[in-house]
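**Student:** There's a structure below that I have some questions on.
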Amino acid sequence: MTERLGIVTTASLEKGVDVRLDSAVSVEDMVVGRYVTIEGQKRRFLGMITDVSLGVTDPQLSISPPGADPFLAEVLAGTATFGQIHVFPRLTIGGDKESILEGPQPVKTIPAHFSPVNLTSETDMERVFGKEDGARFNVGNPLDMELKLCLDLEEFVKRSNGVFGKSGTGKTFLTRILLIGMLQKSQAVNLIFDMHNEYGWAGTREGGPPVKALKQLFPANVAIFTLDEENSRRRGVKTDFTVKIGYDEIEPEDIALLRQTLNLTDLAVEASYQLWRRFGRGWIQRTLDIEDPEEVKQLLEETKIHEGTLQNLTRGLGTVRRLPFIQAHAPDDAVKNILAHLDRGMNVVLEFGRYRDIAAYVLVANMLARRIYSQYQSRTEQAMAEGSAAPNPLVITIEEAHKFLNPEVAAQTIFGSIAREMRKYNVSLLVIDQRPSGIDSEVMSQLGTKITCLLDNERDIDSVLAGVSGKSELKAVLARLAPKQQALIFGHAVPMPVAFAPREYGSPQSYKDFSRAARPAGGKDEKIEELWE
Amino acid sequence: MRTGAIYAIVAGAQTAGLEPGRRAIARGKDEPTEAAVYEASPQLTRLLRSEFTAAVVGHRDGDSLRQYLPPQPARIHGFVYACPPDEVREFGQSFSFLHILLNESLPVPAEELIAATLRELSKAHEDGRAFLVAAGKELAGLLSGDYIRLKNILGRLA
């Protein structure tokens, strides 16, 4: 389908291209976010419509409009009055043999005057985004196109990524699709901190029955861990492991992260380090056990901690202790168990059950992630030293990411360092958040691919689009996404930004499609690879 | 109309006395009809002359029809014919002649002449309205900076 839209009238590399629409093309059919192809003399340019406007040749026309005469309107349409679209070119496809082999390239020039402009054909889109294959996963359709938008998930998991959007815009559904994709098409394993119990067994759907989640679709590849066994059982979820956390596993870093949530002072955080140095692993138990005023006095004198500070800290620690999954000493080592699953290539979903308060989530996610990350770090280093195989790439999914990655704590949390150090140790993040402006800008800039549903807060939009070329143009597209089931993807894993509607999720057919797309074990690709060796 | 290989559009007409200085006087005060005036004074048909002016808009160059001025003017005593409908239709396939009419100094306002020409041409076409729309679009291009003039012409096409 190549449908001529109009011709290029002005162009600038910086500001984009203005296209005058032909009279036969209705300006109302042009929507921002759609892709058009500009047929230059030597190459083709693929660009996104970022603005639509009306133009007149004579300002007099707007001052005394022609009235309701249909003949007059028909004559004027496309001549004296015309539609205009503003296009921001993203990629070029050269016409000669070499450039066809090279594939689409970033735009470094502009099309000549009066170059014809067409709607981008599905063939061109397919050339850019590729077909669904061993590494590419269909995440949805570009707006107004039948074509499947395919994401190279091997590329995707090489960096930390983010999914953003206001609440109720479909972040969870989109994330579930991405997780299924990663599970099927990449070597990476996922560890999902599932605050709202949406990813493991079943997920909620607005105004409908629950949808199947990962474990129901891929029972062999997914293990559900839970913090709240009772709640999981009540929901009919078959869990693989119940996670308990011992006090002795909590370190001052974990408390530091909870500073805001527990309303601790800086001094109280500092005191926790002192107490940890003094008491060692059992520091929380020991601190909370001291009740005798004499002992308290002695402790305060020895550690030079202010009394108010200690009270502040013990109150905070008391809150932590009241979390039901915290015990004096955990019977099983949750970290070891999770790692064992990850090593087998199993994806782990950790359900929080009823413990949805943010303190529990931040504490558990940070504690587990930190330990798992340090294991990964030492294993990767060992693998590098010995030249053996590195552990499976790990993608950690966190929700409410601004709680972990806000500028105040990003430097301290493990997630901050994972995001910054990128893939050095084979661990990356999938950040899910509704207030991206709350996330440290340094972390945001390190996210490889960003997928964002509708955002309407100016600051959130700015923070998501920071550092993207053609920011103001994308802003117009982002702010006009439908409130549901439309998203904009840009960054490392896609050659150019594109607005798309995520693929359907929740019908029996969609489940079938997901399982069919799974990579067959020992498929053709691998056999061909073997031949080369 | 056509004379030789030259096409022109009638742009004005007048009837006056043969002698340049002599103006026609009012007659027929007591006659019941206009025809009776001529019956009463049969010499009138010999003393009055009708003339028309035509704006040259194109010529035939071999097989092709050019809508710009011919290399030579029309011959004196060249016979003048009204164009038959199929020739009119052929001429109406292009609108380059509109530019000549717009800039010609004519005895009648160019807007009136263009509107009349297009109305006349549209009669030779099956889909007269589509023809007028196409012509209108051409005019809109030519008069892109003068919407009022364009509107005046378009208003006279219906």
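Ordering of the structure tokens sets the chain letters (A, B, ...), residue numbers begin anew at 1 in every chain, and ligands are numbered from 1 in the order given.
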Please report, as number ranges by chain, each residue of region 119-251 of chain A to which DSSP assigns alpha helix (DSSP H) when run on this structure's backbone.
**Tutor:** A: 122-129, 153-156, 171-185, 214-217, 229-234
**Student:** Could you please tell me, as a PyMOL selection string, which residues of chain B have an atom within 9 Å of chain A when using only C-alpha atoms?
**Tutor:** chain B and resi 129+132-138+140-141+143-148+151+154-155+158
**Student:** Using only C-alpha atoms, which residues sit within 7 Å of region 410-420 of chain A once same-chain residues fewer than 2 positions away are excluded, as a PyMOL selection string?
**Tutor:** chain A and resi 160+257+366+369-370+404-408+422+427-429+440+443+446
**Student:** What separation in Å, quoted to one decimal, exists between CA of Val395 (chain A) and CA of Met346 (chain A)?
**Tutor:**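 These two atoms are separated by 12.0 Å.
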**Student:** I'd like the contact shell of Ser232 (chain A) - 9 Å cut-off, only C-alpha atoms, skipping same-chain residues fewer than 4 positions apart - returned as a PDB file with all heavy atoms, in the first residue's frame.
**Tutor:**
```
ATOM      1  N   ASN A 197       0.628  -8.817  42.617  1.00  0.00           N
ATOM      2  CA  ASN A 197       0.270 -10.194  42.249  1.00  0.00           C
ATOM      3  C   ASN A 197      -0.346 -10.280  40.847  1.00  0.00           C
ATOM      4  O   ASN A 197      -1.392 -10.873  40.647  1.00  0.00           O
ATOM      5  CB  ASN A 197      -0.719 -10.798  43.257  1.00  0.00           C
ATOM      6  CG  ASN A 197      -0.291 -10.526  44.680  1.00  0.00           C
ATOM      7  OD1 ASN A 197       0.896 -10.647  45.000  1.00  0.00           O
ATOM      8  ND2 ASN A 197      -1.220 -10.136  45.514  1.00  0.00           N
ATOM      9  N   THR A 226       6.422 -16.724  47.036  1.00  0.00           N
ATOM     10  CA  THR A 226       5.463 -15.823  47.676  1.00  0.00           C
ATOM     11  C   THR A 226       5.952 -15.407  49.050  1.00  0.00           C
ATOM     12  O   THR A 226       6.700 -16.130  49.710  1.00  0.00           O
ATOM     13  CB  THR A 226       4.064 -16.469  47.781  1.00  0.00           C
ATOM     14  OG1 THR A 226       3.190 -15.529  48.375  1.00  0.00           O
ATOM     15  CG2 THR A 226       4.087 -17.740  48.595  1.00  0.00           C
ATOM     16  N   LEU A 227       5.536 -14.211  49.443  1.00  0.00           N
ATOM     17  CA  LEU A 227       5.831 -13.755  50.789  1.00  0.00           C
ATOM     18  C   LEU A 227       4.650 -14.071  51.689  1.00  0.00           C
ATOM     19  O   LEU A 227       4.737 -14.038  52.892  1.00  0.00           O
ATOM     20  CB  LEU A 227       6.034 -12.236  50.787  1.00  0.00           C
ATOM     21  CG  LEU A 227       7.410 -11.719  50.413  1.00  0.00           C
ATOM     22  CD1 LEU A 227       7.370 -10.210  50.379  1.00  0.00           C
ATOM     23  CD2 LEU A 227       8.461 -12.173  51.406  1.00  0.00           C
ATOM     24  N   ASP A 228       3.509 -14.316  51.086  1.00  0.00           N
ATOM     25  CA  ASP A 228       2.266 -14.464  51.822  1.00  0.00           C
ATOM     26  C   ASP A 228       1.586 -15.735  51.352  1.00  0.00           C
ATOM     27  O   ASP A 228       0.736 -15.717  50.476  1.00  0.00           O
ATOM     28  CB  ASP A 228       1.396 -13.223  51.545  1.00  0.00           C
ATOM     29  CG  ASP A 228       0.143 -13.223  52.395  1.00  0.00           C
ATOM     30  OD1 ASP A 228      -0.092 -14.218  53.100  1.00  0.00           O
ATOM     31  OD2 ASP A 228      -0.589 -12.221  52.347  1.00  0.00           O
ATOM     32  N   GLY A 236      -5.720 -19.486  45.007  1.00  0.00           N
ATOM     33  CA  GLY A 236      -5.585 -20.708  44.211  1.00  0.00           C
ATOM     34  C   GLY A 236      -4.298 -20.760  43.420  1.00  0.00           C
ATOM     35  O   GLY A 236      -4.236 -21.374  42.351  1.00  0.00           O
ATOM     36  N   VAL A 237      -3.263 -20.097  43.907  1.00  0.00           N
ATOM     37  CA  VAL A 237      -1.988 -20.084  43.187  1.00  0.00           C
ATOM     38  C   VAL A 237      -1.111 -21.211  43.709  1.00  0.00           C
ATOM     39  O   VAL A 237      -0.964 -21.385  44.913  1.00  0.00           O
ATOM     40  CB  VAL A 237      -1.273 -18.733  43.408  1.00  0.00           C
ATOM     41  CG1 VAL A 237       0.060 -18.712  42.689  1.00  0.00           C
ATOM     42  CG2 VAL A 237      -2.160 -17.592  42.948  1.00  0.00           C
ATOM     43  N   LYS A 238      -0.560 -21.969  42.795  1.00  0.00           N
ATOM     44  CA  LYS A 238       0.379 -23.007  43.215  1.00  0.00           C
ATOM     45  C   LYS A 238       1.751 -22.370  43.349  1.00  0.00           C
ATOM     46  O   LYS A 238       2.371 -22.016  42.359  1.00  0.00           O
ATOM     47  CB  LYS A 238       0.426 -24.130  42.176  1.00  0.00           C
ATOM     48  CG  LYS A 238      -0.896 -24.844  42.009  1.00  0.00           C
ATOM     49  CD  LYS A 238      -0.747 -25.983  41.012  1.00  0.00           C
ATOM     50  CE  LYS A 238      -2.099 -26.469  40.547  1.00  0.00           C
ATOM     51  NZ  LYS A 238      -2.764 -25.534  39.626  1.00  0.00           N
ATOM     52  N   THR A 239       2.194 -22.214  44.580  1.00  0.00           N
ATOM     53  CA  THR A 239       3.485 -21.558  44.752  1.00  0.00           C
ATOM     54  C   THR A 239       4.588 -22.594  44.881  1.00  0.00           C
ATOM     55  O   THR A 239       4.352 -23.743  45.247  1.00  0.00           O
ATOM     56  CB  THR A 239       3.492 -20.669  46.005  1.00  0.00           C
ATOM     57  OG1 THR A 239       3.129 -21.486  47.106  1.00  0.00           O
ATOM     58  CG2 THR A 239       2.503 -19.547  45.862  1.00  0.00           C
ATOM     59  N   GLU A 351       5.615 -12.979  44.598  1.00  0.00           N
ATOM     60  CA  GLU A 351       4.344 -12.326  44.917  1.00  0.00           C
ATOM     61  C   GLU A 351       4.403 -11.744  46.312  1.00  0.00           C
ATOM     62  O   GLU A 351       4.965 -12.354  47.217  1.00  0.00           O
ATOM     63  CB  GLU A 351       3.205 -13.359  44.865  1.00  0.00           C
ATOM     64  CG  GLU A 351       2.921 -13.866  43.488  1.00  0.00           C
ATOM     65  CD  GLU A 351       1.569 -14.565  43.419  1.00  0.00           C
ATOM     66  OE1 GLU A 351       1.129 -15.078  44.455  1.00  0.00           O
ATOM     67  OE2 GLU A 351       0.978 -14.576  42.330  1.00  0.00           O
ATOM     68  N   PHE A 352       3.794 -10.592  46.473  1.00  0.00           N
ATOM     69  CA  PHE A 352       3.812  -9.969  47.789  1.00  0.00           C
ATOM     70  C   PHE A 352       2.527 -10.221  48.570  1.00  0.00           C
ATOM     71  O   PHE A 352       2.418  -9.820  49.720  1.00  0.00           O
ATOM     72  CB  PHE A 352       4.106  -8.467  47.668  1.00  0.00           C
ATOM     73  CG  PHE A 352       5.566  -8.191  47.495  1.00  0.00           C
ATOM     74  CD1 PHE A 352       6.212  -8.538  46.317  1.00  0.00           C
ATOM     75  CD2 PHE A 352       6.313  -7.635  48.512  1.00  0.00           C
ATOM     76  CE1 PHE A 352       7.563  -8.322  46.160  1.00  0.00           C
ATOM     77  CE2 PHE A 352       7.670  -7.415  48.363  1.00  0.00           C
ATOM     78  CZ  PHE A 352       8.298  -7.759  47.187  1.00  0.00           C
ATOM     79  N   GLY A 353       1.556 -10.851  47.952  1.00  0.00           N
ATOM     80  CA  GLY A 353       0.316 -11.155  48.663  1.00  0.00           C
ATOM     81  C   GLY A 353      -0.344  -9.913  49.204  1.00  0.00           C
ATOM     82  O   GLY A 353      -0.541  -8.951  48.482  1.00  0.00           O
TER      83      GLY A 353
END
```
**Student:** Determine, counting only C-alpha atoms, which protein, DNA and RNA residues have an atom within 12 Å of an atom of region 207-218 of chain A; residues of the same chain fewer than 2 positions away are not included. Present the result as a PyMOL selection string.
**Tutor:** chain A and resi 172-173+175-184+190+192+194+197-205+220-225+235-240+346-350+504-508+510-516+518
